[in-house]
Amino acid sequence: FFLRMRAALQNALTKTTGRTTTLTSTTPTIGSGCGAASRRQSSSVCATTTTTGTSSTSPHRHHHHKRTRSVATKRAMAKNWDGSGTQEDLMHRDECILVDSRDAITGYASKYDAHHFSTNTEGRNTPKGLLHRAFSVFLFDKENNKLLLQQRAASKITFPLVWTNTCCSHQLHGYDPTEVDDEEEDVRKNKRAPGAIRAARRKLLHELNIDPETVKETQFKFLTRLHYCAKDSFGEKSLRPENGTAFWGEHEMDYVLFCRADQEQLVKGGMSINPEEVDAMIWVSPEELREMMKEEKGLRWSPWFRIIVERFLWKWWENIDEVFATDKFVDEQNIHEVLEEED
């Protein structure tokens, strides 16, 4: 499955011109996509997040497409994910796994519905979107423990052009192999998240053309879950749903995953940017990340990344060998909530 998908994506990438960048084993320079003229972002609502910078996106037209279903779906509907289509296509086609605040599965819905923050009491009335599962991958070079960051593409519908961890996306419903973890059996009992890891490998291939053979399931470490909510108030009004009266945002049960890999092998395997997903990449040390995140640098950061950095990352990074060798830092029982009422 992964080899077939990789071949398809490589073929698609070879047809892309102008913005596809092959990563090298040396630290690249931050590109112009960072935004020279920075300004305060009034982001957040449910989560305490303030980011800075500017963004420019291409217009997308969105149509109301409500479709929330029960999880009782026939196995025969399971299919392979090929990543084809535009960002808007994926918003309507990909279906997120809906959960409650305890991470129990309640159904599934399109990305469009899950990320649509609306106060239209006569319509959808989802001021915080729909709570759904997601994952955040932190990929480290096994030789020097540097962390790979990405800047999200300008064409992304939610949080375009923000800097964030290596890869952030969603476990999806209805695909084979399954990306649905059993909260009790997989997470609480076995301290693992095989479904989230499968989704992570799928998206690392899609966004960064990372060969799944260079990031095997055994190289991943599930650490904890984060329940957060953040409205993207920074986006252009013309790009928002409901003629600019509603917002896009994230309301996620985020599975935090660490992974270690050989940067040289990643490059040899063809690691490169998919310009539909990513604008820039950079490997950083803890000191370099702290420097990048200084307010005067004017870079925008994803709300989930800021939360993970402030609450967990520095301690985990400082003890990275122990993180991978033991379960000392795994917190499978608690769900860390970062939620506030809207101002």
# chains A, B, ... in the order shown; residues from 1 in each chain; ligands from 1

$ select_by_dssp --residues "range 79-265 of chain A" --states "strand (DSSP E or B)" --output "MDAnalysis selection string"
chainID A and resid 79 95:99 105:110 116:118 126 132:141 147:152 163:164 167:169 172 175 220:232 247:261

$ residues_around --residues "range 254-269 of chain A" --least-positions-apart "6" --cutoff "8 Å" --atoms "only C-alpha atoms" --output "PDB file with all heavy atoms, in the first residue's frame"
ATOM      1  N   LEU A  23      14.956  18.497   0.169  1.00  0.00           N
ATOM      2  CA  LEU A  23      15.681  18.805   1.381  1.00  0.00           C
ATOM      3  C   LEU A  23      17.063  18.181   1.333  1.00  0.00           C
ATOM      4  O   LEU A  23      17.268  17.108   0.775  1.00  0.00           O
ATOM      5  CB  LEU A  23      14.927  18.263   2.598  1.00  0.00           C
ATOM      6  CG  LEU A  23      13.520  18.812   2.794  1.00  0.00           C
ATOM      7  CD1 LEU A  23      12.920  18.222   4.060  1.00  0.00           C
ATOM      8  CD2 LEU A  23      13.551  20.313   2.900  1.00  0.00           C
ATOM      9  N   THR A  24      17.998  18.851   1.947  1.00  0.00           N
ATOM     10  CA  THR A  24      19.351  18.314   2.052  1.00  0.00           C
ATOM     11  C   THR A  24      19.644  17.994   3.496  1.00  0.00           C
ATOM     12  O   THR A  24      18.882  18.302   4.391  1.00  0.00           O
ATOM     13  CB  THR A  24      20.384  19.341   1.539  1.00  0.00           C
ATOM     14  OG1 THR A  24      20.346  20.475   2.401  1.00  0.00           O
ATOM     15  CG2 THR A  24      20.056  19.776   0.127  1.00  0.00           C
ATOM     16  N   SER A  25      20.800  17.382   3.754  1.00  0.00           N
ATOM     17  CA  SER A  25      21.134  16.992   5.119  1.00  0.00           C
ATOM     18  C   SER A  25      21.707  18.143   5.926  1.00  0.00           C
ATOM     19  O   SER A  25      22.056  17.977   7.079  1.00  0.00           O
ATOM     20  CB  SER A  25      22.145  15.836   5.092  1.00  0.00           C
ATOM     21  OG  SER A  25      23.302  16.210   4.378  1.00  0.00           O
ATOM     22  N   ARG A 133     -10.291  13.440  16.328  1.00  0.00           N
ATOM     23  CA  ARG A 133      -8.919  12.988  16.572  1.00  0.00           C
ATOM     24  C   ARG A 133      -7.949  13.590  15.568  1.00  0.00           C
ATOM     25  O   ARG A 133      -8.273  13.816  14.407  1.00  0.00           O
ATOM     26  CB  ARG A 133      -8.838  11.460  16.510  1.00  0.00           C
ATOM     27  CG  ARG A 133      -9.369  10.776  17.753  1.00  0.00           C
ATOM     28  CD  ARG A 133      -9.168   9.271  17.702  1.00  0.00           C
ATOM     29  NE  ARG A 133      -9.702   8.640  18.907  1.00  0.00           N
ATOM     30  CZ  ARG A 133      -9.805   7.334  19.079  1.00  0.00           C
ATOM     31  NH1 ARG A 133      -9.402   6.510  18.111  1.00  0.00           N
ATOM     32  NH2 ARG A 133     -10.305   6.842  20.200  1.00  0.00           N
ATOM     33  N   ALA A 134      -6.745  13.819  16.061  1.00  0.00           N
ATOM     34  CA  ALA A 134      -5.652  14.321  15.230  1.00  0.00           C
ATOM     35  C   ALA A 134      -4.351  13.754  15.780  1.00  0.00           C
ATOM     36  O   ALA A 134      -4.332  13.079  16.808  1.00  0.00           O
ATOM     37  CB  ALA A 134      -5.625  15.850  15.257  1.00  0.00           C
ATOM     38  N   PHE A 135      -3.255  14.030  15.084  1.00  0.00           N
ATOM     39  CA  PHE A 135      -1.943  13.624  15.586  1.00  0.00           C
ATOM     40  C   PHE A 135      -0.923  14.709  15.274  1.00  0.00           C
ATOM     41  O   PHE A 135      -1.086  15.481  14.318  1.00  0.00           O
ATOM     42  CB  PHE A 135      -1.494  12.287  14.971  1.00  0.00           C
ATOM     43  CG  PHE A 135      -1.273  12.350  13.481  1.00  0.00           C
ATOM     44  CD1 PHE A 135      -0.078  12.808  12.953  1.00  0.00           C
ATOM     45  CD2 PHE A 135      -2.279  11.962  12.604  1.00  0.00           C
ATOM     46  CE1 PHE A 135       0.122  12.887  11.579  1.00  0.00           C
ATOM     47  CE2 PHE A 135      -2.094  12.035  11.227  1.00  0.00           C
ATOM     48  CZ  PHE A 135      -0.890  12.497  10.722  1.00  0.00           C
ATOM     49  N   SER A 136       0.109  14.777  16.090  1.00  0.00           N
ATOM     50  CA  SER A 136       1.227  15.693  15.872  1.00  0.00           C
ATOM     51  C   SER A 136       2.522  14.899  15.962  1.00  0.00           C
ATOM     52  O   SER A 136       2.834  14.332  17.008  1.00  0.00           O
ATOM     53  CB  SER A 136       1.236  16.816  16.914  1.00  0.00           C
ATOM     54  OG  SER A 136       0.152  17.698  16.717  1.00  0.00           O
ATOM     55  N   VAL A 137       3.261  14.851  14.844  1.00  0.00           N
ATOM     56  CA  VAL A 137       4.526  14.119  14.789  1.00  0.00           C
ATOM     57  C   VAL A 137       5.696  15.076  15.013  1.00  0.00           C
ATOM     58  O   VAL A 137       5.764  16.143  14.401  1.00  0.00           O
ATOM     59  CB  VAL A 137       4.719  13.418  13.432  1.00  0.00           C
ATOM     60  CG1 VAL A 137       6.087  12.726  13.375  1.00  0.00           C
ATOM     61  CG2 VAL A 137       3.612  12.405  13.193  1.00  0.00           C
ATOM     62  N   PHE A 138       6.612  14.654  15.875  1.00  0.00           N
ATOM     63  CA  PHE A 138       7.875  15.360  16.100  1.00  0.00           C
ATOM     64  C   PHE A 138       8.979  14.408  15.656  1.00  0.00           C
ATOM     65  O   PHE A 138       9.264  13.416  16.330  1.00  0.00           O
ATOM     66  CB  PHE A 138       8.040  15.730  17.572  1.00  0.00           C
ATOM     67  CG  PHE A 138       7.103  16.810  18.043  1.00  0.00           C
ATOM     68  CD1 PHE A 138       5.743  16.558  18.198  1.00  0.00           C
ATOM     69  CD2 PHE A 138       7.576  18.084  18.330  1.00  0.00           C
ATOM     70  CE1 PHE A 138       4.874  17.548  18.632  1.00  0.00           C
ATOM     71  CE2 PHE A 138       6.713  19.091  18.764  1.00  0.00           C
ATOM     72  CZ  PHE A 138       5.362  18.824  18.904  1.00  0.00           C
ATOM     73  N   LEU A 139       9.581  14.702  14.501  1.00  0.00           N
ATOM     74  CA  LEU A 139      10.594  13.827  13.924  1.00  0.00           C
ATOM     75  C   LEU A 139      11.988  14.361  14.230  1.00  0.00           C
ATOM     76  O   LEU A 139      12.312  15.505  13.900  1.00  0.00           O
ATOM     77  CB  LEU A 139      10.393  13.725  12.404  1.00  0.00           C
ATOM     78  CG  LEU A 139      11.407  12.874  11.628  1.00  0.00           C
ATOM     79  CD1 LEU A 139      11.382  11.426  12.089  1.00  0.00           C
ATOM     80  CD2 LEU A 139      11.120  12.959  10.124  1.00  0.00           C
ATOM     81  N   PHE A 140      12.811  13.514  14.850  1.00  0.00           N
ATOM     82  CA  PHE A 140      14.157  13.893  15.262  1.00  0.00           C
ATOM     83  C   PHE A 140      15.199  13.117  14.457  1.00  0.00           C
ATOM     84  O   PHE A 140      15.013  11.946  14.145  1.00  0.00           O
ATOM     85  CB  PHE A 140      14.374  13.601  16.751  1.00  0.00           C
ATOM     86  CG  PHE A 140      13.469  14.385  17.663  1.00  0.00           C
ATOM     87  CD1 PHE A 140      12.218  13.883  18.009  1.00  0.00           C
ATOM     88  CD2 PHE A 140      13.861  15.612  18.181  1.00  0.00           C
ATOM     89  CE1 PHE A 140      11.372  14.594  18.851  1.00  0.00           C
ATOM     90  CE2 PHE A 140      13.022  16.329  19.022  1.00  0.00           C
ATOM     91  CZ  PHE A 140      11.779  15.818  19.353  1.00  0.00           C
ATOM     92  N   ASP A 141      16.305  13.797  14.160  1.00  0.00           N
ATOM     93  CA  ASP A 141      17.459  13.148  13.539  1.00  0.00           C
ATOM     94  C   ASP A 141      18.178  12.334  14.623  1.00  0.00           C
ATOM     95  O   ASP A 141      18.558  12.876  15.661  1.00  0.00           O
ATOM     96  CB  ASP A 141      18.395  14.213  12.960  1.00  0.00           C
ATOM     97  CG  ASP A 141      19.634  13.624  12.300  1.00  0.00           C
ATOM     98  OD1 ASP A 141      19.740  12.388  12.211  1.00  0.00           O
ATOM     99  OD2 ASP A 141      20.497  14.417  11.882  1.00  0.00           O
ATOM    100  N   LYS A 142      18.364  11.058  14.390  1.00  0.00           N
ATOM    101  CA  LYS A 142      18.942  10.202  15.427  1.00  0.00           C
ATOM    102  C   LYS A 142      20.409  10.504  15.702  1.00  0.00           C
ATOM    103  O   LYS A 142      20.929  10.133  16.750  1.00  0.00           O
ATOM    104  CB  LYS A 142      18.777   8.735  15.054  1.00  0.00           C
ATOM    105  CG  LYS A 142      19.662   8.241  13.929  1.00  0.00           C
ATOM    106  CD  LYS A 142      19.497   6.735  13.748  1.00  0.00           C
ATOM    107  CE  LYS A 142      20.514   6.188  12.764  1.00  0.00           C
ATOM    108  NZ  LYS A 142      20.388   4.717  12.621  1.00  0.00           N
ATOM    109  N   GLU A 143      21.061  11.221  14.769  1.00  0.00           N
ATOM    110  CA  GLU A 143      22.492  11.524  14.965  1.00  0.00           C
ATOM    111  C   GLU A 143      22.710  12.731  15.868  1.00  0.00           C
ATOM    112  O   GLU A 143      23.612  12.740  16.697  1.00  0.00           O
ATOM    113  CB  GLU A 143      23.163  11.759  13.607  1.00  0.00           C
ATOM    114  CG  GLU A 143      23.212  10.534  12.715  1.00  0.00           C
ATOM    115  CD  GLU A 143      23.990   9.390  13.347  1.00  0.00           C
ATOM    116  OE1 GLU A 143      25.013   9.651  14.014  1.00  0.00           O
ATOM    117  OE2 GLU A 143      23.570   8.228  13.176  1.00  0.00           O
ATOM    118  N   ALA A 196      -2.969   5.910  14.948  1.00  0.00           N
ATOM    119  CA  ALA A 196      -2.391   7.240  14.786  1.00  0.00           C
ATOM    120  C   ALA A 196      -1.047   7.162  14.081  1.00  0.00           C
ATOM    121  O   ALA A 196      -0.711   8.024  13.246  1.00  0.00           O
ATOM    122  CB  ALA A 196      -2.243   7.919  16.144  1.00  0.00           C
ATOM    123  N   ILE A 197      -0.261   6.139  14.386  1.00  0.00           N
ATOM    124  CA  ILE A 197       1.055   5.981  13.760  1.00  0.00           C
ATOM    125  C   ILE A 197       0.905   5.655  12.275  1.00  0.00           C
ATOM    126  O   ILE A 197       1.662   6.157  11.438  1.00  0.00           O
ATOM    127  CB  ILE A 197       1.873   4.909  14.497  1.00  0.00           C
ATOM    128  CG1 ILE A 197       2.273   5.437  15.883  1.00  0.00           C
ATOM    129  CG2 ILE A 197       3.117   4.513  13.701  1.00  0.00           C
ATOM    130  CD1 ILE A 197       2.902   4.402  16.791  1.00  0.00           C
ATOM    131  N   ILE A 210       8.393  11.221   2.558  1.00  0.00           N
ATOM    132  CA  ILE A 210       9.257  10.392   3.408  1.00  0.00           C
ATOM    133  C   ILE A 210       8.860   8.932   3.230  1.00  0.00           C
ATOM    134  O   ILE A 210       7.725   8.538   3.514  1.00  0.00           O
ATOM    135  CB  ILE A 210       9.156  10.818   4.879  1.00  0.00           C
ATOM    136  CG1 ILE A 210       9.817  12.192   5.066  1.00  0.00           C
ATOM    137  CG2 ILE A 210       9.802   9.789   5.796  1.00  0.00           C
ATOM    138  CD1 ILE A 210       9.777  12.718   6.491  1.00  0.00           C
ATOM    139  N   ASP A 211       9.806   8.150   2.741  1.00  0.00           N
ATOM    140  CA  ASP A 211       9.594   6.730   2.508  1.00  0.00           C
ATOM    141  C   ASP A 211       9.199   6.051   3.820  1.00  0.00           C
ATOM    142  O   ASP A 211       9.938   6.136   4.812  1.00  0.00           O
ATOM    143  CB  ASP A 211      10.892   6.115   1.969  1.00  0.00           C
ATOM    144  CG  ASP A 211      10.756   4.667   1.559  1.00  0.00           C
ATOM    145  OD1 ASP A 211       9.767   4.017   1.968  1.00  0.00           O
ATOM    146  OD2 ASP A 211      11.641   4.181   0.841  1.00  0.00           O
ATOM    147  N   THR A 214      11.695   4.261   5.977  1.00  0.00           N
ATOM    148  CA  THR A 214      12.672   4.997   6.792  1.00  0.00           C
ATOM    149  C   THR A 214      12.070   5.484   8.102  1.00  0.00           C
ATOM    150  O   THR A 214      12.778   6.005   8.960  1.00  0.00           O
ATOM    151  CB  THR A 214      13.235   6.205   6.012  1.00  0.00           C
ATOM    152  OG1 THR A 214      12.175   7.133   5.750  1.00  0.00           O
ATOM    153  CG2 THR A 214      13.867   5.763   4.705  1.00  0.00           C
ATOM    154  N   VAL A 215      10.751   5.326   8.253  1.00  0.00           N
ATOM    155  CA  VAL A 215      10.062   5.673   9.503  1.00  0.00           C
ATOM    156  C   VAL A 215       9.094   4.535   9.847  1.00  0.00           C
ATOM    157  O   VAL A 215       7.884   4.673   9.729  1.00  0.00           O
ATOM    158  CB  VAL A 215       9.323   7.032   9.410  1.00  0.00           C
ATOM    159  CG1 VAL A 215      10.290   8.199   9.498  1.00  0.00           C
ATOM    160  CG2 VAL A 215       8.500   7.127   8.119  1.00  0.00           C
ATOM    161  N   GLN A 219       9.679   2.864  15.156  1.00  0.00           N
ATOM    162  CA  GLN A 219      10.476   4.062  15.432  1.00  0.00           C
ATOM    163  C   GLN A 219       9.653   5.163  16.099  1.00  0.00           C
ATOM    164  O   GLN A 219      10.207   6.178  16.517  1.00  0.00           O
ATOM    165  CB  GLN A 219      11.081   4.601  14.128  1.00  0.00           C
ATOM    166  CG  GLN A 219      12.123   3.682  13.500  1.00  0.00           C
ATOM    167  CD  GLN A 219      12.517   4.119  12.109  1.00  0.00           C
ATOM    168  OE1 GLN A 219      12.397   3.376  11.145  1.00  0.00           O
ATOM    169  NE2 GLN A 219      12.995   5.359  11.975  1.00  0.00           N
ATOM    170  N   PHE A 220       8.354   4.958  16.204  1.00  0.00           N
ATOM    171  CA  PHE A 220       7.470   5.956  16.795  1.00  0.00           C
ATOM    172  C   PHE A 220       7.234   5.678  18.273  1.00  0.00           C
ATOM    173  O   PHE A 220       7.273   4.534  18.723  1.00  0.00           O
ATOM    174  CB  PHE A 220       6.117   5.960  16.084  1.00  0.00           C
ATOM    175  CG  PHE A 220       6.133   6.596  14.726  1.00  0.00           C
ATOM    176  CD1 PHE A 220       6.564   5.883  13.618  1.00  0.00           C
ATOM    177  CD2 PHE A 220       5.716   7.909  14.558  1.00  0.00           C
ATOM    178  CE1 PHE A 220       6.566   6.459  12.363  1.00  0.00           C
ATOM    179  CE2 PHE A 220       5.722   8.501  13.307  1.00  0.00           C
ATOM    180  CZ  PHE A 220       6.148   7.773  12.203  1.00  0.00           C
ATOM    181  N   LYS A 221       6.957   6.744  19.000  1.00  0.00           N
ATOM    182  CA  LYS A 221       6.618   6.648  20.414  1.00  0.00           C
ATOM    183  C   LYS A 221       5.397   7.518  20.696  1.00  0.00           C
ATOM    184  O   LYS A 221       5.435   8.745  20.517  1.00  0.00           O
ATOM    185  CB  LYS A 221       7.803   7.137  21.279  1.00  0.00           C
ATOM    186  CG  LYS A 221       7.623   6.905  22.756  1.00  0.00           C
ATOM    187  CD  LYS A 221       7.908   5.463  23.124  1.00  0.00           C
ATOM    188  CE  LYS A 221       7.947   5.256  24.617  1.00  0.00           C
ATOM    189  NZ  LYS A 221       8.373   3.880  24.967  1.00  0.00           N
ATOM    190  N   PHE A 222       4.309   6.881  21.106  1.00  0.00           N
ATOM    191  CA  PHE A 222       3.137   7.636  21.559  1.00  0.00           C
ATOM    192  C   PHE A 222       3.410   8.141  22.968  1.00  0.00           C
ATOM    193  O   PHE A 222       3.857   7.394  23.834  1.00  0.00           O
ATOM    194  CB  PHE A 222       1.896   6.735  21.544  1.00  0.00           C
ATOM    195  CG  PHE A 222       0.751   7.292  22.348  1.00  0.00           C
ATOM    196  CD1 PHE A 222       0.033   8.399  21.902  1.00  0.00           C
ATOM    197  CD2 PHE A 222       0.408   6.728  23.567  1.00  0.00           C
ATOM    198  CE1 PHE A 222      -1.011   8.916  22.657  1.00  0.00           C
ATOM    199  CE2 PHE A 222      -0.638   7.235  24.326  1.00  0.00           C
ATOM    200  CZ  PHE A 222      -1.346   8.337  23.871  1.00  0.00           C
ATOM    201  N   LEU A 223       3.111   9.443  23.213  1.00  0.00           N
ATOM    202  CA  LEU A 223       3.435  10.032  24.517  1.00  0.00           C
ATOM    203  C   LEU A 223       2.204  10.453  25.313  1.00  0.00           C
ATOM    204  O   LEU A 223       2.101  10.159  26.498  1.00  0.00           O
ATOM    205  CB  LEU A 223       4.387  11.219  24.334  1.00  0.00           C
ATOM    206  CG  LEU A 223       5.800  10.810  23.926  1.00  0.00           C
ATOM    207  CD1 LEU A 223       6.618  12.023  23.509  1.00  0.00           C
ATOM    208  CD2 LEU A 223       6.491  10.083  25.076  1.00  0.00           C
ATOM    209  N   THR A 224       1.273  11.160  24.689  1.00  0.00           N
ATOM    210  CA  THR A 224       0.097  11.602  25.441  1.00  0.00           C
ATOM    211  C   THR A 224      -0.946  12.152  24.484  1.00  0.00           C
ATOM    212  O   THR A 224      -0.741  12.159  23.258  1.00  0.00           O
ATOM    213  CB  THR A 224       0.478  12.663  26.496  1.00  0.00           C
ATOM    214  OG1 THR A 224      -0.602  12.824  27.416  1.00  0.00           O
ATOM    215  CG2 THR A 224       0.819  14.000  25.857  1.00  0.00           C
ATOM    216  N   ARG A 225      -2.068  12.615  25.038  1.00  0.00           N
ATOM    217  CA  ARG A 225      -3.134  13.230  24.246  1.00  0.00           C
ATOM    218  C   ARG A 225      -3.414  14.640  24.767  1.00  0.00           C
ATOM    219  O   ARG A 225      -3.372  14.886  25.971  1.00  0.00           O
ATOM    220  CB  ARG A 225      -4.411  12.383  24.324  1.00  0.00           C
ATOM    221  CG  ARG A 225      -4.330  11.073  23.583  1.00  0.00           C
ATOM    222  CD  ARG A 225      -5.509  10.167  23.895  1.00  0.00           C
ATOM    223  NE  ARG A 225      -5.452   9.654  25.262  1.00  0.00           N
ATOM    224  CZ  ARG A 225      -6.386   8.889  25.806  1.00  0.00           C
ATOM    225  NH1 ARG A 225      -7.468   8.557  25.123  1.00  0.00           N
ATOM    226  NH2 ARG A 225      -6.247   8.446  27.037  1.00  0.00           N
ATOM    227  N   LEU A 226      -3.710  15.526  23.834  1.00  0.00           N
ATOM    228  CA  LEU A 226      -3.997  16.922  24.144  1.00  0.00           C
ATOM    229  C   LEU A 226      -5.353  17.294  23.565  1.00  0.00           C
ATOM    230  O   LEU A 226      -5.596  17.106  22.372  1.00  0.00           O
ATOM    231  CB  LEU A 226      -2.904  17.815  23.544  1.00  0.00           C
ATOM    232  CG  LEU A 226      -3.118  19.321  23.588  1.00  0.00           C
ATOM    233  CD1 LEU A 226      -3.018  19.827  25.019  1.00  0.00           C
ATOM    234  CD2 LEU A 226      -2.092  20.034  22.698  1.00  0.00           C
ATOM    235  N   HIS A 227      -6.252  17.803  24.402  1.00  0.00           N
ATOM    236  CA  HIS A 227      -7.556  18.297  23.945  1.00  0.00           C
ATOM    237  C   HIS A 227      -7.493  19.819  23.940  1.00  0.00           C
ATOM    238  O   HIS A 227      -7.414  20.449  24.994  1.00  0.00           O
ATOM    239  CB  HIS A 227      -8.660  17.789  24.880  1.00  0.00           C
ATOM    240  CG  HIS A 227     -10.032  18.301  24.529  1.00  0.00           C
ATOM    241  ND1 HIS A 227     -11.119  18.140  25.367  1.00  0.00           N
ATOM    242  CD2 HIS A 227     -10.501  18.982  23.441  1.00  0.00           C
ATOM    243  CE1 HIS A 227     -12.189  18.677  24.819  1.00  0.00           C
ATOM    244  NE2 HIS A 227     -11.835  19.201  23.649  1.00  0.00           N
ATOM    245  N   TYR A 228      -7.505  20.405  22.766  1.00  0.00           N
ATOM    246  CA  TYR A 228      -7.424  21.864  22.657  1.00  0.00           C
ATOM    247  C   TYR A 228      -8.401  22.341  21.590  1.00  0.00           C
ATOM    248  O   TYR A 228      -8.918  21.568  20.780  1.00  0.00           O
ATOM    249  CB  TYR A 228      -6.002  22.308  22.302  1.00  0.00           C
ATOM    250  CG  TYR A 228      -5.680  22.148  20.836  1.00  0.00           C
ATOM    251  CD1 TYR A 228      -5.818  23.218  19.955  1.00  0.00           C
ATOM    252  CD2 TYR A 228      -5.289  20.912  20.324  1.00  0.00           C
ATOM    253  CE1 TYR A 228      -5.563  23.067  18.606  1.00  0.00           C
ATOM    254  CE2 TYR A 228      -5.034  20.750  18.978  1.00  0.00           C
ATOM    255  CZ  TYR A 228      -5.171  21.829  18.127  1.00  0.00           C
ATOM    256  OH  TYR A 228      -4.930  21.674  16.782  1.00  0.00           O
TER     257      TYR A 228
END

$ closest_atom_pairs --of "range 137-195 of chain A" --to "range 286-310 of chain A" --cutoff "9 Å" --atoms "only C-alpha atoms" --output "Markdown table"
| residue | atom | partner | partner_atom | distance |
| --- | --- | --- | --- | --- |
| A:Lys146 | CA | A:Pro286 | CA | 7.6 |
| A:Leu147 | CA | A:Pro286 | CA | 8.1 |
| A:Gln151 | CA | A:Trp301 | CA | 8.7 |
| A:Phe159 | CA | A:Ser302 | CA | 7.0 |
| A:Leu161 | CA | A:Arg300 | CA | 7.5 |
| A:Val162 | CA | A:Trp301 | CA | 4.9 |
| A:Trp163 | CA | A:Trp301 | CA | 4.7 |
| A:Thr164 | CA | A:Ser302 | CA | 5.5 |
| A:Asn165 | CA | A:Phe305 | CA | 6.4 |

$ residues_around --residues "Ile97 in chain A" --least-positions-apart "2" --cutoff "8 Å" --atoms "only C-alpha atoms" --output "JSON, numbers by chain"
{"A": [95, 99, 105, 106, 107, 108, 109, 132, 133, 171, 172, 173, 180]}

$ atom_distance --atom1 "CA of Phe329 in chain A" --atom2 "CA of Glu252 in chain A"
21.5 Å

$ select_by_dssp --residues "range 158-274 of chain A" --states "helix (DSSP H, G or I)" --output "ChimeraX atom specification"
/A:183-189,194-208,212-214,217-219,237-239,242-244,263-268

$ write_last_selection --atoms "C-alpha atoms" --output "PDB file, in the first residue's frame"
ATOM      1  CA  GLU A 183      -9.142   4.096  23.395  1.00  0.00           C
ATOM      2  CA  GLU A 184      -9.309   1.407  26.078  1.00  0.00           C
ATOM      3  CA  GLU A 185      -7.364  -1.470  24.538  1.00  0.00           C
ATOM      4  CA  ASP A 186      -4.729   0.317  22.442  1.00  0.00           C
ATOM      5  CA  VAL A 187      -4.137   3.490  24.421  1.00  0.00           C
ATOM      6  CA  ARG A 188      -4.905   2.875  28.087  1.00  0.00           C
ATOM      7  CA  LYS A 189      -3.985  -0.799  28.289  1.00  0.00           C
ATOM      8  CA  PRO A 194      -1.031   2.070  16.112  1.00  0.00           C
ATOM      9  CA  GLY A 195      -3.840   3.780  14.175  1.00  0.00           C
ATOM     10  CA  ALA A 196      -2.391   7.240  14.786  1.00  0.00           C
ATOM     11  CA  ILE A 197       1.055   5.981  13.760  1.00  0.00           C
ATOM     12  CA  ARG A 198      -0.318   4.556  10.500  1.00  0.00           C
ATOM     13  CA  ALA A 199      -1.923   7.931   9.794  1.00  0.00           C
ATOM     14  CA  ALA A 200       1.375   9.657  10.601  1.00  0.00           C
ATOM     15  CA  ARG A 201       3.346   7.493   8.174  1.00  0.00           C
ATOM     16  CA  ARG A 202       0.721   8.107   5.495  1.00  0.00           C
ATOM     17  CA  LYS A 203       0.927  11.886   5.900  1.00  0.00           C
ATOM     18  CA  LEU A 204       4.731  12.003   6.199  1.00  0.00           C
ATOM     19  CA  LEU A 205       4.774  10.391   2.763  1.00  0.00           C
ATOM     20  CA  HIS A 206       2.120  12.762   1.418  1.00  0.00           C
ATOM     21  CA  GLU A 207       3.559  16.014   2.776  1.00  0.00           C
ATOM     22  CA  LEU A 208       7.302  15.314   2.756  1.00  0.00           C
ATOM     23  CA  PRO A 212       7.628   4.705   5.115  1.00  0.00           C
ATOM     24  CA  GLU A 213      10.541   2.254   5.217  1.00  0.00           C
ATOM     25  CA  THR A 214      12.672   4.997   6.792  1.00  0.00           C
ATOM     26  CA  GLU A 217       6.098   1.872  13.148  1.00  0.00           C
ATOM     27  CA  THR A 218       8.669   0.705  15.706  1.00  0.00           C
ATOM     28  CA  GLN A 219      10.476   4.062  15.432  1.00  0.00           C
ATOM     29  CA  LYS A 237     -12.574  37.195   5.709  1.00  0.00           C
ATOM     30  CA  SER A 238     -13.206  36.351   2.054  1.00  0.00           C
ATOM     31  CA  LEU A 239     -11.870  32.831   2.661  1.00  0.00           C
ATOM     32  CA  GLU A 242     -20.740  31.386   5.384  1.00  0.00           C
ATOM     33  CA  ASN A 243     -19.668  34.433   3.363  1.00  0.00           C
ATOM     34  CA  GLY A 244     -17.082  35.432   5.951  1.00  0.00           C
ATOM     35  CA  GLN A 263      18.325  12.183   8.217  1.00  0.00           C
ATOM     36  CA  GLU A 264      20.758  10.888   5.598  1.00  0.00           C
ATOM     37  CA  GLN A 265      18.482   7.946   4.845  1.00  0.00           C
ATOM     38  CA  LEU A 266      15.452  10.254   4.647  1.00  0.00           C
ATOM     39  CA  VAL A 267      17.214  12.338   2.002  1.00  0.00           C
ATOM     40  CA  LYS A 268      18.400   9.284   0.085  1.00  0.00           C
TER      41      LYS A 268
END

$ atom_distance --atom1 "CA of Lys79 in chain A" --atom2 "CA of Arg93 in chain A"
12.5 Å

$ residues_around --residues "range 125-129 of chain A" --least-positions-apart "3" --cutoff "10 Å" --atoms "only C-alpha atoms" --output "list of chain:residue names"
A:Val45, A:Cys46, A:Lys111, A:Tyr112, A:Asp113, A:Ala114, A:His115, A:His116, A:Phe117, A:Ser118, A:Thr119, A:Asn120, A:Thr121, A:Glu122, A:His132, A:Cys229, A:Ala230, A:Lys231, A:Ala246, A:Phe247, A:Trp248, A:Gly249, A:Glu250, A:His251, A:Glu252, A:Glu342

$ atom_distance --atom1 "CA of Leu149 in chain A" --atom2 "CA of Trp283 in chain A"
6.2 Å

$ closest_residue --among "A:Ile282, A:Tyr175, A:Pro160, A:Asp321" --to "Ser233 in chain A" --atoms "only C-alpha atoms"
A:Pro160
